file my_file.cif (mmCIF, C-alpha atoms)
data_final
#
loop_
_atom_site.label_atom_id
_atom_site.label_comp_id
_atom_site.auth_asym_id
_atom_site.auth_seq_id
_atom_site.Cartn_x
_atom_site.Cartn_y
_atom_site.Cartn_z
CA MET A 1 -104.94 -14.66 -45.16
CA SER A 2 -104.96 -17.56 -47.60
CA SER A 3 -102.74 -20.36 -48.76
CA ALA A 4 -100.01 -19.73 -51.32
CA SER A 5 -101.95 -21.49 -54.11
CA ALA A 6 -105.17 -19.58 -53.40
CA SER A 7 -103.34 -16.27 -53.23
CA ARG A 8 -101.90 -16.79 -56.69
CA GLN A 9 -105.42 -16.97 -58.11
CA LEU A 10 -106.31 -13.59 -56.61
CA ALA A 11 -103.13 -11.58 -57.07
CA PRO A 12 -99.45 -12.07 -57.87
CA ILE A 13 -97.77 -13.29 -54.74
CA ARG A 14 -95.26 -10.75 -53.40
CA ALA A 15 -94.33 -12.35 -50.09
CA CYS A 16 -94.75 -15.48 -48.01
CA THR A 17 -94.74 -16.27 -44.33
CA ILE A 18 -93.04 -19.53 -43.42
CA SER A 19 -93.63 -21.06 -40.01
CA ARG A 20 -94.42 -24.19 -38.07
CA ASP A 21 -97.94 -22.84 -37.55
CA VAL A 22 -98.73 -19.26 -38.55
CA GLN A 23 -101.71 -19.23 -36.18
CA ASN A 24 -99.16 -18.91 -33.37
CA PHE A 25 -98.27 -15.49 -34.84
CA ASP A 26 -101.64 -13.79 -35.12
CA LEU A 27 -100.11 -10.30 -35.00
CA LEU A 28 -97.98 -11.21 -38.00
CA ILE A 29 -101.08 -12.25 -39.93
CA GLU A 30 -102.74 -8.90 -39.20
CA ASP A 31 -99.70 -6.88 -40.19
CA MET A 32 -99.08 -8.88 -43.39
CA GLU A 33 -102.69 -8.29 -44.46
CA LEU A 34 -102.32 -4.59 -43.65
CA GLU A 35 -99.12 -4.30 -45.69
CA LEU A 36 -99.85 -6.64 -48.61
CA GLY A 37 -103.58 -7.26 -48.71
CA GLU A 38 -104.17 -10.54 -50.62
CA SER A 39 -100.71 -10.52 -52.23
CA TRP A 40 -99.13 -12.90 -49.77
CA GLY A 41 -99.36 -16.51 -48.73
CA ASP A 42 -98.33 -18.86 -45.98
CA LEU A 43 -96.24 -22.02 -46.11
CA SER A 44 -95.04 -24.64 -43.71
CA PHE A 45 -91.35 -25.46 -43.61
CA PRO A 46 -91.68 -28.77 -45.55
CA ASN A 47 -93.55 -26.99 -48.36
CA ALA A 48 -91.35 -23.90 -48.45
CA LEU A 49 -88.44 -25.46 -50.32
CA LYS A 50 -90.82 -27.00 -52.87
CA PHE A 51 -92.52 -23.65 -53.47
CA LEU A 52 -89.20 -21.81 -53.84
CA ASP A 53 -88.37 -24.13 -56.74
CA GLN A 54 -91.52 -23.10 -58.61
CA PRO A 55 -91.58 -20.26 -61.18
CA ASP A 56 -94.13 -18.31 -59.10
CA ALA A 57 -91.53 -17.83 -56.40
CA ARG A 58 -89.22 -15.81 -58.67
CA GLY A 59 -91.23 -12.63 -58.38
CA MET A 60 -91.44 -12.51 -54.59
CA GLU A 61 -90.03 -9.52 -52.70
CA PHE A 62 -89.35 -11.33 -49.45
CA ILE A 63 -90.18 -14.23 -47.18
CA ALA A 64 -90.95 -13.77 -43.49
CA ILE A 65 -89.79 -16.75 -41.43
CA ALA A 66 -91.59 -16.84 -38.06
CA LEU A 67 -89.77 -18.76 -35.34
CA ASP A 68 -89.99 -19.39 -31.62
CA ASP A 69 -87.96 -21.43 -29.15
CA GLU A 70 -89.66 -24.68 -30.26
CA ASP A 71 -88.12 -24.27 -33.73
CA GLU A 72 -84.52 -24.45 -32.50
CA SER A 73 -84.50 -28.21 -33.02
CA ASN A 74 -85.44 -27.73 -36.68
CA MET A 75 -82.73 -25.27 -37.70
CA ALA A 76 -81.39 -27.40 -40.57
CA MET A 77 -84.59 -26.88 -42.57
CA VAL A 78 -84.74 -23.19 -41.68
CA GLU A 79 -81.15 -22.72 -42.85
CA ALA A 80 -81.92 -24.53 -46.11
CA VAL A 81 -84.84 -22.18 -46.78
CA ILE A 82 -82.66 -19.10 -46.16
CA GLN A 83 -79.93 -20.38 -48.44
CA ARG A 84 -82.41 -21.19 -51.21
CA ALA A 85 -84.01 -17.73 -50.90
CA ASN A 86 -80.56 -16.14 -51.16
CA THR A 87 -79.84 -17.92 -54.43
CA LEU A 88 -83.10 -16.46 -55.81
CA ASP A 89 -82.30 -12.94 -54.51
CA ILE A 90 -85.36 -13.05 -52.25
CA ALA A 91 -84.93 -11.07 -49.04
CA VAL A 92 -85.39 -12.97 -45.77
CA LEU A 93 -87.05 -11.35 -42.75
CA LEU A 94 -86.92 -13.21 -39.43
CA ILE A 95 -89.79 -12.86 -36.97
CA ALA A 96 -88.38 -14.23 -33.70
CA GLU A 97 -90.08 -14.97 -30.38
CA GLU A 98 -87.84 -16.16 -27.53
CA LEU A 99 -85.31 -17.49 -30.01
CA GLY A 100 -81.83 -17.90 -28.54
CA PRO A 101 -79.41 -15.13 -29.58
CA ILE A 102 -76.77 -17.60 -30.78
CA THR A 103 -79.29 -19.25 -33.10
CA LEU A 104 -80.57 -15.90 -34.33
CA HIS A 105 -77.04 -14.69 -34.89
CA ARG A 106 -76.25 -17.77 -36.98
CA LEU A 107 -79.31 -17.22 -39.18
CA LEU A 108 -78.40 -13.58 -39.75
CA ARG A 109 -74.87 -14.56 -40.67
CA LEU A 110 -76.26 -17.21 -43.02
CA GLY A 111 -78.05 -14.60 -45.10
CA ALA A 112 -81.21 -13.36 -43.37
CA SER A 113 -81.61 -9.66 -44.18
CA ASP A 114 -83.27 -8.39 -41.00
CA PHE A 115 -85.22 -9.50 -37.96
CA VAL A 116 -88.11 -8.21 -35.88
CA PRO A 117 -88.94 -9.44 -32.37
CA TYR A 118 -92.33 -10.98 -31.69
CA PRO A 119 -94.82 -9.83 -30.40
CA LEU A 120 -94.43 -7.25 -33.15
CA PRO A 121 -94.04 -3.67 -31.93
CA GLU A 122 -96.40 -1.24 -33.62
CA GLY A 123 -95.15 -0.39 -37.09
CA ALA A 124 -92.14 -2.72 -36.81
CA LEU A 125 -93.10 -4.95 -39.73
CA HIS A 126 -93.83 -1.93 -41.93
CA ASP A 127 -90.43 -0.43 -41.12
CA ALA A 128 -88.66 -3.73 -41.77
CA ILE A 129 -90.37 -4.11 -45.15
CA GLN A 130 -89.40 -0.57 -46.09
CA ARG A 131 -85.80 -1.36 -45.23
CA LEU A 132 -85.90 -4.46 -47.41
CA ARG A 133 -87.41 -2.54 -50.32
CA ALA A 134 -85.00 0.40 -50.16
CA PRO A 135 -82.11 0.10 -52.64
CA VAL A 136 -78.71 -0.47 -51.04
CA THR A 137 -77.37 2.84 -52.29
CA GLU A 138 -80.35 4.69 -50.88
CA MET A 139 -79.92 3.02 -47.50
CA SER A 140 -76.24 3.93 -47.51
CA ASN A 141 -77.06 7.56 -48.18
CA ILE A 142 -79.65 7.60 -45.42
CA SER A 143 -77.19 6.05 -43.00
CA ALA A 144 -74.42 8.46 -43.86
CA GLN A 145 -76.47 11.65 -44.01
CA SER A 146 -79.48 11.56 -41.71
CA ARG A 147 -78.77 8.61 -39.41
CA MET A 148 -75.18 8.05 -38.58
CA MET A 149 -72.71 10.74 -39.49
CA PRO A 150 -72.89 14.03 -37.62
CA SER A 151 -72.35 17.20 -39.57
CA ALA A 152 -68.97 18.88 -39.58
CA SER A 153 -70.26 21.54 -37.17
CA GLN A 154 -71.82 19.07 -34.73
CA LYS A 155 -70.09 18.46 -31.42
CA MET A 156 -68.40 15.14 -30.86
CA GLY A 157 -68.15 13.79 -27.32
CA ALA A 158 -65.00 12.40 -25.73
CA VAL A 159 -64.60 8.63 -25.45
CA TYR A 160 -63.03 6.82 -22.48
CA ALA A 161 -62.77 3.04 -22.60
CA VAL A 162 -62.04 0.71 -19.69
CA GLN A 163 -60.63 -2.80 -20.11
CA PRO A 164 -59.56 -5.26 -17.40
CA LEU A 165 -56.15 -6.90 -17.72
CA SER A 166 -57.16 -9.57 -15.22
CA GLY A 167 -60.38 -10.87 -13.73
CA GLY A 168 -61.57 -8.98 -10.68
CA SER A 169 -59.39 -5.93 -11.36
CA GLY A 170 -62.38 -3.63 -10.88
CA ALA A 171 -62.88 -2.42 -14.45
CA THR A 172 -66.69 -2.33 -14.35
CA THR A 173 -66.76 -0.76 -10.88
CA PHE A 174 -64.32 1.87 -12.16
CA ALA A 175 -66.35 2.52 -15.33
CA VAL A 176 -69.71 2.77 -13.54
CA ASN A 177 -68.52 5.10 -10.81
CA LEU A 178 -66.43 7.21 -13.19
CA ALA A 179 -69.48 7.74 -15.41
CA TRP A 180 -71.69 8.59 -12.44
CA GLU A 181 -69.18 11.03 -10.95
CA ILE A 182 -68.72 12.84 -14.28
CA ALA A 183 -72.50 13.13 -14.62
CA ASN A 184 -72.61 14.66 -11.12
CA SER A 185 -69.54 16.88 -11.37
CA GLY A 186 -71.40 20.15 -10.96
CA LYS A 187 -74.23 22.36 -12.16
CA ASP A 188 -72.96 22.25 -15.75
CA ALA A 189 -71.95 18.59 -15.65
CA PRO A 190 -71.38 16.98 -19.06
CA SER A 191 -73.99 14.62 -20.45
CA VAL A 192 -72.71 11.06 -20.07
CA CYS A 193 -73.48 7.79 -21.85
CA LEU A 194 -72.22 4.48 -20.40
CA LEU A 195 -71.92 1.58 -22.86
CA ASP A 196 -71.58 -2.02 -21.67
CA LEU A 197 -69.87 -3.83 -24.53
CA ASP A 198 -69.03 -6.93 -22.52
CA LEU A 199 -71.44 -9.04 -24.55
CA GLN A 200 -71.22 -12.15 -22.40
CA THR A 201 -70.62 -11.17 -18.77
CA GLY A 202 -71.51 -7.47 -18.71
CA SER A 203 -72.51 -6.40 -15.20
CA ILE A 204 -73.46 -2.75 -15.51
CA ALA A 205 -77.17 -3.64 -15.41
CA THR A 206 -76.55 -5.38 -12.09
CA TYR A 207 -74.41 -2.59 -10.65
CA LEU A 208 -77.07 0.03 -11.48
CA ASP A 209 -80.14 -2.16 -10.96
CA LEU A 210 -81.33 -1.78 -14.55
CA ALA A 211 -83.32 -4.23 -16.65
CA ARG A 212 -81.70 -6.24 -19.43
CA THR A 213 -83.95 -5.83 -22.46
CA GLU A 214 -84.24 -7.40 -25.90
CA LYS A 215 -83.88 -3.93 -27.39
CA VAL A 216 -80.12 -4.14 -26.89
CA TYR A 217 -79.78 -7.21 -29.08
CA GLU A 218 -82.07 -5.66 -31.67
CA LEU A 219 -79.88 -2.55 -31.75
CA LEU A 220 -76.54 -4.34 -31.97
CA SER A 221 -77.70 -6.64 -34.76
CA ASN A 222 -79.24 -3.79 -36.78
CA THR A 223 -76.76 -0.93 -36.51
CA ALA A 224 -76.85 -0.37 -40.29
CA VAL A 225 -80.39 1.00 -39.95
CA MET A 226 -79.96 2.61 -36.55
CA ASP A 227 -81.13 6.20 -36.24
CA ARG A 228 -81.06 8.54 -33.26
CA ASP A 229 -84.51 7.55 -32.01
CA PHE A 230 -83.64 3.85 -32.22
CA PHE A 231 -80.44 4.44 -30.27
CA MET A 232 -81.88 6.73 -27.61
CA ASN A 233 -84.91 4.48 -27.03
CA THR A 234 -82.58 1.55 -26.34
CA LEU A 235 -80.73 3.44 -23.61
CA GLN A 236 -81.96 3.37 -20.03
CA THR A 237 -81.75 6.23 -17.56
CA PHE A 238 -80.24 5.87 -14.10
CA ASN A 239 -81.39 8.43 -11.54
CA GLU A 240 -82.26 10.94 -14.27
CA LYS A 241 -78.60 11.80 -14.97
CA LEU A 242 -76.86 8.86 -16.62
CA LYS A 243 -77.82 7.14 -19.89
CA VAL A 244 -76.85 3.48 -20.07
CA LEU A 245 -76.68 0.82 -22.77
CA THR A 246 -76.69 -2.40 -20.76
CA ALA A 247 -75.53 -5.81 -21.94
CA ALA A 248 -78.24 -7.92 -23.58
CA ALA A 249 -80.45 -10.30 -21.64
CA ASP A 250 -78.60 -13.37 -22.95
CA MET A 251 -74.94 -14.13 -23.57
CA LEU A 252 -74.08 -13.13 -27.11
CA PRO A 253 -71.34 -14.42 -29.41
CA LEU A 254 -68.28 -12.16 -29.33
CA ASP A 255 -68.39 -11.92 -33.12
CA LEU A 256 -72.02 -10.78 -33.13
CA ILE A 257 -70.87 -7.24 -33.81
CA THR A 258 -68.28 -6.14 -36.31
CA PRO A 259 -65.90 -3.17 -36.24
CA ASP A 260 -68.39 -1.30 -38.44
CA ASP A 261 -71.17 -1.95 -35.91
CA ILE A 262 -69.03 -0.61 -33.08
CA GLU A 263 -68.03 2.41 -35.13
CA ARG A 264 -71.68 3.24 -35.73
CA VAL A 265 -72.62 2.89 -32.06
CA ILE A 266 -69.70 5.01 -30.86
CA THR A 267 -70.37 7.66 -33.50
CA MET A 268 -74.01 7.86 -32.48
CA ALA A 269 -73.11 8.08 -28.79
CA ARG A 270 -70.48 10.78 -29.40
CA ALA A 271 -72.95 12.82 -31.45
CA ASN A 272 -75.48 12.87 -28.60
CA PHE A 273 -73.37 13.03 -25.42
CA ASP A 274 -70.42 15.02 -24.13
CA VAL A 275 -68.71 11.99 -22.62
CA VAL A 276 -68.96 8.31 -23.57
CA ILE A 277 -67.63 5.67 -21.15
CA ILE A 278 -67.18 2.17 -22.61
CA ASP A 279 -66.87 -0.93 -20.44
CA MET A 280 -64.93 -3.42 -22.57
CA PRO A 281 -64.81 -7.23 -22.33
CA GLY A 282 -61.72 -8.79 -20.82
CA THR A 283 -61.09 -10.54 -24.13
CA VAL A 284 -59.42 -8.69 -26.99
CA VAL A 285 -61.83 -8.97 -29.94
CA GLN A 286 -61.80 -7.90 -33.56
CA TRP A 287 -63.33 -4.53 -32.73
CA THR A 288 -60.98 -3.69 -29.83
CA GLU A 289 -58.86 -1.83 -32.35
CA THR A 290 -61.88 0.25 -33.37
CA VAL A 291 -62.54 1.33 -29.78
CA LEU A 292 -58.86 2.04 -29.16
CA ASN A 293 -58.63 4.25 -32.24
CA ASP A 294 -61.81 6.17 -31.30
CA ALA A 295 -60.98 6.57 -27.62
CA ASP A 296 -59.40 9.67 -26.15
CA CYS A 297 -58.06 7.50 -23.32
CA TYR A 298 -58.07 3.72 -22.93
CA TYR A 299 -57.86 2.71 -19.28
CA ALA A 300 -56.39 -0.72 -18.53
CA THR A 301 -57.13 -1.88 -14.98
CA MET A 302 -54.74 -4.24 -13.22
CA GLU A 303 -53.55 -5.32 -9.80
CA LEU A 304 -50.18 -5.73 -8.14
CA ASP A 305 -49.75 -9.40 -9.08
CA MET A 306 -47.99 -11.55 -11.66
CA ARG A 307 -51.07 -12.33 -13.77
CA SER A 308 -51.73 -8.63 -14.32
CA ALA A 309 -48.11 -8.01 -15.23
CA GLN A 310 -48.06 -10.87 -17.73
CA ASN A 311 -51.35 -9.84 -19.31
CA ALA A 312 -50.18 -6.23 -19.58
CA LEU A 313 -47.05 -7.44 -21.35
CA ARG A 314 -49.17 -9.52 -23.76
CA LEU A 315 -51.41 -6.54 -24.53
CA ILE A 316 -48.45 -4.23 -25.13
CA ARG A 317 -46.87 -6.75 -27.50
CA ALA A 318 -50.13 -7.24 -29.38
CA LEU A 319 -50.66 -3.51 -29.86
CA LYS A 320 -47.08 -2.98 -30.98
CA ALA A 321 -47.36 -5.82 -33.49
CA GLU A 322 -50.42 -4.15 -35.05
CA ASP A 323 -48.90 -0.67 -34.84
CA LEU A 324 -51.79 0.56 -32.70
CA PRO A 325 -51.66 3.73 -30.58
CA LEU A 326 -50.05 2.64 -27.32
CA SER A 327 -49.98 6.28 -26.23
CA LYS A 328 -53.71 6.13 -25.50
CA LEU A 329 -53.29 3.50 -22.80
CA ARG A 330 -53.63 4.67 -19.22
CA TYR A 331 -52.72 2.04 -16.65
CA VAL A 332 -54.93 1.89 -13.56
CA LEU A 333 -53.51 0.09 -10.51
CA ASN A 334 -56.43 -1.11 -8.41
CA ARG A 335 -56.03 -1.96 -4.72
CA SER A 336 -52.79 -0.02 -4.75
CA PRO A 337 -50.53 -0.02 -1.67
CA LYS A 338 -51.37 2.34 1.16
CA PHE A 339 -49.20 5.36 1.82
CA THR A 340 -47.46 3.62 4.70
CA ASP A 341 -46.89 0.37 2.77
CA LEU A 342 -43.33 1.03 1.63
CA SER A 343 -42.79 -2.58 0.54
CA GLY A 344 -45.90 -2.50 -1.62
CA LYS A 345 -44.90 0.82 -3.16
CA ALA A 346 -41.51 -0.63 -4.04
CA ARG A 347 -43.19 -3.62 -5.73
CA ALA A 348 -45.45 -1.31 -7.74
CA LYS A 349 -42.43 0.72 -8.84
CA ARG A 350 -40.56 -2.41 -9.95
CA MET A 351 -43.60 -3.67 -11.88
CA ALA A 352 -43.96 -0.34 -13.69
CA GLU A 353 -40.26 -0.26 -14.56
CA SER A 354 -40.21 -3.85 -15.82
CA LEU A 355 -43.19 -3.17 -18.10
CA ASP A 356 -41.93 0.30 -19.06
CA ILE A 357 -45.23 1.88 -18.08
CA ASP A 358 -46.55 4.45 -15.61
CA PHE A 359 -49.48 3.96 -13.26
CA GLU A 360 -51.32 7.16 -14.01
CA VAL A 361 -54.25 6.22 -11.78
CA SER A 362 -53.81 4.47 -8.42
CA LEU A 363 -56.97 3.29 -6.73
CA PRO A 364 -57.01 2.24 -3.07
CA ASP A 365 -58.92 -0.81 -1.88
CA GLY A 366 -62.58 0.12 -1.62
CA THR A 367 -63.13 -2.71 0.91
CA ALA A 368 -66.44 -4.53 1.31
CA GLN A 369 -68.32 -1.30 0.64
CA VAL A 370 -67.70 -1.79 -3.08
CA THR A 371 -69.36 -5.21 -3.10
CA HIS A 372 -72.18 -3.84 -0.97
CA ALA A 373 -72.83 -0.98 -3.42
CA ASN A 374 -72.67 -3.25 -6.47
CA ASP A 375 -75.01 -5.81 -4.93
CA HIS A 376 -77.52 -3.07 -4.15
CA GLY A 377 -77.34 -1.63 -7.66
CA LEU A 378 -76.04 1.78 -6.63
CA PRO A 379 -72.88 3.82 -7.26
CA LEU A 380 -70.45 4.14 -4.35
CA ALA A 381 -71.49 7.77 -3.84
CA GLU A 382 -74.97 6.61 -2.85
CA ILE A 383 -73.74 3.98 -0.37
CA ALA A 384 -70.38 5.15 0.95
CA PRO A 385 -69.70 8.81 0.04
CA LYS A 386 -66.44 8.86 2.03
CA ASN A 387 -64.99 5.69 0.54
CA PRO A 388 -61.29 6.19 -0.36
CA LEU A 389 -61.75 4.52 -3.75
CA LEU A 390 -64.59 6.89 -4.57
CA LYS A 391 -62.43 9.90 -3.69
CA GLU A 392 -59.79 8.93 -6.26
CA ILE A 393 -62.38 8.20 -8.95
CA ARG A 394 -64.03 11.56 -8.21
CA LYS A 395 -60.71 13.37 -8.75
CA LEU A 396 -60.34 11.77 -12.17
CA ALA A 397 -63.99 12.50 -13.02
CA GLN A 398 -63.50 16.16 -12.16
CA THR A 399 -60.45 16.32 -14.42
CA ILE A 400 -62.41 14.79 -17.30
CA ALA A 401 -65.36 17.12 -16.73
CA GLU A 402 -63.08 20.17 -16.77
CA ALA A 403 -61.36 18.97 -19.93
CA THR A 404 -64.77 18.49 -21.55
CA HIS A 405 -65.80 22.05 -20.65
CA ASP A 406 -62.50 23.43 -21.98
CA HIS A 407 -62.98 21.54 -25.23
CA SER A 408 -66.55 22.83 -25.57
CA ARG A 409 -65.46 26.41 -25.01
CA ALA A 410 -62.65 26.05 -27.52
CA ALA A 411 -65.00 24.58 -30.10
CA ALA A 412 -67.46 27.43 -29.55
#

call {"tool": "encode", "arguments": {"input": "my_file.cif", "output": "structure tokens"}}
result
Amino acid sequence: MSSASASRQLAPIRACTISRDVQNFDLLIEDMELELGESWGDLSFPNALKFLDQPDARGMEFIAIALDDEDESNMAMVEAVIQRANTLDIAVLLIAEELGPITLHRLLRLGASDFVPYPLPEGALHDAIQRLRAPVTEMSNISAQSRMMPSASQKMGAVYAVQPLSGGSGATTFAVNLAWEIANSGKDAPSVCLLDLDLQTGSIATYLDLARTEKVYELLSNTAVMDRDFFMNTLQTFNEKLKVLTAAADMLPLDLITPDDIERVITMARANFDVVIIDMPGTVVQWTETVLNDADCYYATMELDMRSAQNALRLIRALKAEDLPLSKLRYVLNRSPKFTDLSGKARAKRMAESLDIDFEVSLPDGTAQVTHANDHGLPLAEIAPKNPLLKEIRKLAQTIAEATHDHSRAAA
């Protein structure tokens, strides 16, 4: 490794690292030398803008900006470097160690082409450089043919999304236990993938005692180059039967992912699993429409109270205004009245009539056993196999599993 000026004497400079102190990123130094030999240099942030204004900078392929959490106070200069590189059509690769996701998201939106977490995984820098070098049309063809789009003859799994219409309406509990029951519905149970798309308060990792990893953020912010191995390696396995994409380790901006990102993730999941269960955020976001259009059924969980009724009415109005498929909605009444609660049953009937909906799924109160199971990171079946809530979820899971088998036989 040498300075930028010294490198120019030895070979045309093709790339530059830019950092507060490159010695803090020794793995980056090794990988840059492996990839570029002597055809690269290193710059500090104050010198980077000056160098980018020189004629020698015009021929560079890319710059690699190495950042850690101590650089978050110096984002103005980092942003200026990215913007200047963009004007020169120089690709920007971010090497990030413990950088906050909001900051990283802002830099990507500002014009950074790609990012790689630090410490660098083996081969990660090489792969990132190859992505930067590949022409856009070539990358598009790869994405469409070998990465993303399944062939016409390939099976496509069913998609079931779950969205709460009020806080505490049991959407995540419903999604987790529905996915687990489908995966355990018999000897020929469908393969199931559970996606936690609640970017800020997703709890599936907690409910199944799974780790929150940086791989999730890396996947969601790089869906354009996602292949099957990338996707499957990001998933975690619960009790050898259920594949799970947890929420990321940190709260992420709701606009981190676009409708195209969501479309790619769902397409990949459908191509590799018989059933895909999606736990949605309580907030309606720009890609809610994408999930609704892809879903076979879209479960909306609510309770027998005014806030749920008002939120259901708002959702119905919003979907009608956008001419979205209301027919896919399935209303789930959680903590529904007991059989002997005639007053409660009358209230539920009046609510359904006033909203012009049907409660297609009624879930009884699971009592404190639900909280106990969630706190211990286990499905209800592992804690309270006779729980009344579990029995109703199991009935629905069996119906979905049978429909999946019927669809598979018909396709065959």

call {"tool": "closest_residue", "arguments": {"input": "my_file.cif", "among": "A:Lys345, A:Leu390, A:Asp358, A:Ala124", "to": "Ala179 of chain A", "atoms": "all atoms listed in the file"}}
result
A:Leu390

call {"tool": "resolve_selection", "arguments": {"input": "my_file.cif", "expression": "the PyMOL selection byres ((chain A and resi 217) around 9)", "output": "list of chain:residue names"}}
result
A:Pro101, A:Thr213, A:Glu214, A:Lys215, A:Val216, A:Glu218, A:Leu219, A:Leu220, A:Ser221, A:Asn222, A:Ala247, A:Ala248, A:Ala249, A:Asp250, A:Leu252

call {"tool": "residues_around", "arguments": {"input": "my_file.cif", "residues": "segment 42-58 of chain A", "least_positions_apart": "4", "cutoff": "9 Å", "atoms": "only C-alpha atoms", "output": "list of chain:residue names"}}
result
A:Met1, A:Ser2, A:Ser3, A:Ala4, A:Arg8, A:Pro12, A:Ile13, A:Arg14, A:Ala15, A:Cys16, A:Thr17, A:Ile18, A:Ser19, A:Arg20, A:Asp21, A:Val22, A:Met77, A:Val78, A:Ala80, A:Val81, A:Arg84, A:Ala85, A:Leu88, A:Asp89, A:Ile90

call {"tool": "atom_distance", "arguments": {"input": "my_file.cif", "atom1": "atom CA of Val162 of chain A", "atom2": "atom CA of Tyr207 of chain A"}}
result
15.7 Å

call {"tool": "atom_distance", "arguments": {"input": "my_file.cif", "atom1": "atom CA of Tyr298 of chain A", "atom2": "atom CA of Arg330 of chain A"}}
result
5.9 Å

call {"tool": "atom_distance", "arguments": {"input": "my_file.cif", "atom1": "atom CA of Glu360 of chain A", "atom2": "atom CA of Leu208 of chain A"}}
result
26.8 Å

call {"tool": "closest_residue", "arguments": {"input": "my_file.cif", "among": "A:Gln200, A:Glu30, A:Leu329, A:Met75", "to": "Leu125 of chain A", "atoms": "all atoms listed in the file"}}
result
A:Glu30

call {"tool": "closest_residue", "arguments": {"input": "my_file.cif", "among": "A:Pro379, A:Asp255, A:Val92, A:Leu199", "to": "His105 of chain A", "atoms": "all atoms listed in the file"}}
result
A:Asp255

call {"tool": "resolve_selection", "arguments": {"input": "my_file.cif", "expression": "the PyMOL selection byres ((chain A and resi 377) around 9)", "output": "list of chain:residue names"}}
result
A:Ile204, A:Ala205, A:Thr206, A:Tyr207, A:Leu208, A:Asp209, A:Leu210, A:His372, A:Ala373, A:Asn374, A:Asp375, A:His376, A:Leu378, A:Pro379

call {"tool": "residues_near_point", "arguments": {"input": "my_file.cif", "point": "(-50.2, -10.5, -20.2)", "cutoff": "12 Å", "atoms": "only C-alpha atoms", "output": "list in words"}}
result
Pro164, Leu165, Ser166, Gly282, Thr283, Val284, Ala300, Met302, Asp305, Met306, Arg307, Ser308, Ala309, Gln310, Asn311, Ala312, Leu313, Arg314, Leu315, Ile316, Arg317, Ala318, Leu319 and Leu355 of chain A

call {"tool": "closest_residue", "arguments": {"input": "my_file.cif", "among": "A:Glu79, A:Asp114, A:Asp341, A:Asp365", "to": "Lys391 of chain A", "atoms": "only C-alpha atoms"}}
result
A:Asp365

call {"tool": "closest_residue", "arguments": {"input": "my_file.cif", "among": "A:Ala384, A:Ala224, A:Ala112, A:Ile102", "to": "Thr258 of chain A", "atoms": "all atoms listed in the file"}}
result
A:Ala224

call {"tool": "resolve_selection", "arguments": {"input": "my_file.cif", "expression": "the PyMOL selection byres ((chain A and resi 290) around 12)", "output": "mmCIF file with C-alpha atoms, keeping the file's coordinate frame"}}
result
data_model
loop_
_atom_site.group_PDB
_atom_site.id
_atom_site.type_symbol
_atom_site.label_atom_id
_atom_site.label_comp_id
_atom_site.auth_asym_id
_atom_site.auth_seq_id
_atom_site.Cartn_x
_atom_site.Cartn_y
_atom_site.Cartn_z
ATOM 1 C CA VAL A 159 -64.600 8.630 -25.450
ATOM 2 C CA ALA A 161 -62.770 3.040 -22.600
ATOM 3 C CA ILE A 257 -70.870 -7.240 -33.810
ATOM 4 C CA THR A 258 -68.280 -6.140 -36.310
ATOM 5 C CA PRO A 259 -65.900 -3.170 -36.240
ATOM 6 C CA ASP A 260 -68.390 -1.300 -38.440
ATOM 7 C CA ASP A 261 -71.170 -1.950 -35.910
ATOM 8 C CA ILE A 262 -69.030 -0.610 -33.080
ATOM 9 C CA GLU A 263 -68.030 2.410 -35.130
ATOM 10 C CA ARG A 264 -71.680 3.240 -35.730
ATOM 11 C CA VAL A 265 -72.620 2.890 -32.060
ATOM 12 C CA ILE A 266 -69.700 5.010 -30.860
ATOM 13 C CA THR A 267 -70.370 7.660 -33.500
ATOM 14 C CA MET A 280 -64.930 -3.420 -22.570
ATOM 15 C CA VAL A 284 -59.420 -8.690 -26.990
ATOM 16 C CA VAL A 285 -61.830 -8.970 -29.940
ATOM 17 C CA GLN A 286 -61.800 -7.900 -33.560
ATOM 18 C CA TRP A 287 -63.330 -4.530 -32.730
ATOM 19 C CA THR A 288 -60.980 -3.690 -29.830
ATOM 20 C CA GLU A 289 -58.860 -1.830 -32.350
ATOM 21 C CA VAL A 291 -62.540 1.330 -29.780
ATOM 22 C CA LEU A 292 -58.860 2.040 -29.160
ATOM 23 C CA ASN A 293 -58.630 4.250 -32.240
ATOM 24 C CA ASP A 294 -61.810 6.170 -31.300
ATOM 25 C CA ALA A 295 -60.980 6.570 -27.620
ATOM 26 C CA TYR A 298 -58.070 3.720 -22.930
ATOM 27 C CA LEU A 324 -51.790 0.560 -32.700
ATOM 28 C CA PRO A 325 -51.660 3.730 -30.580
#

call {"tool": "residues_around", "arguments": {"input": "my_file.cif", "residues": "Glu303 of chain A", "least_positions_apart": "5", "cutoff": "8 Å", "atoms": "all atoms listed in the file", "output": "list in words"}}
result
Ser166, Ser169, Ser308, Leu333, Asn334, Arg335 and Ser336 of chain A

call {"tool": "closest_residue", "arguments": {"input": "my_file.cif", "among": "A:Ser113, A:Gln163, A:Thr301, A:Ser362", "to": "Asp279 of chain A", "atoms": "only C-alpha atoms"}}
result
A:Gln163

call {"tool": "residues_around", "arguments": {"input": "my_file.cif", "residues": "Asn177 of chain A", "least_positions_apart": "4", "cutoff": "7 Å", "atoms": "only C-alpha atoms", "output": "list of chain:residue names"}}
result
A:Thr173, A:Glu181, A:Pro379, A:Leu380

call {"tool": "write_last_selection", "arguments": {"input": "my_file.cif", "atoms": "C-alpha atoms", "output": "short mmCIF file (atom, residue, chain, number, x, y, z; two decimals), keeping the file's coordinate frame"}}
result
data_model
loop_
_atom_site.label_atom_id
_atom_site.label_comp_id
_atom_site.auth_asym_id
_atom_site.auth_seq_id
_atom_site.Cartn_x
_atom_site.Cartn_y
_atom_site.Cartn_z
CA THR A 173 -66.76 -0.76 -10.88
CA GLU A 181 -69.18 11.03 -10.95
CA PRO A 379 -72.88 3.82 -7.26
CA LEU A 380 -70.45 4.14 -4.35
#
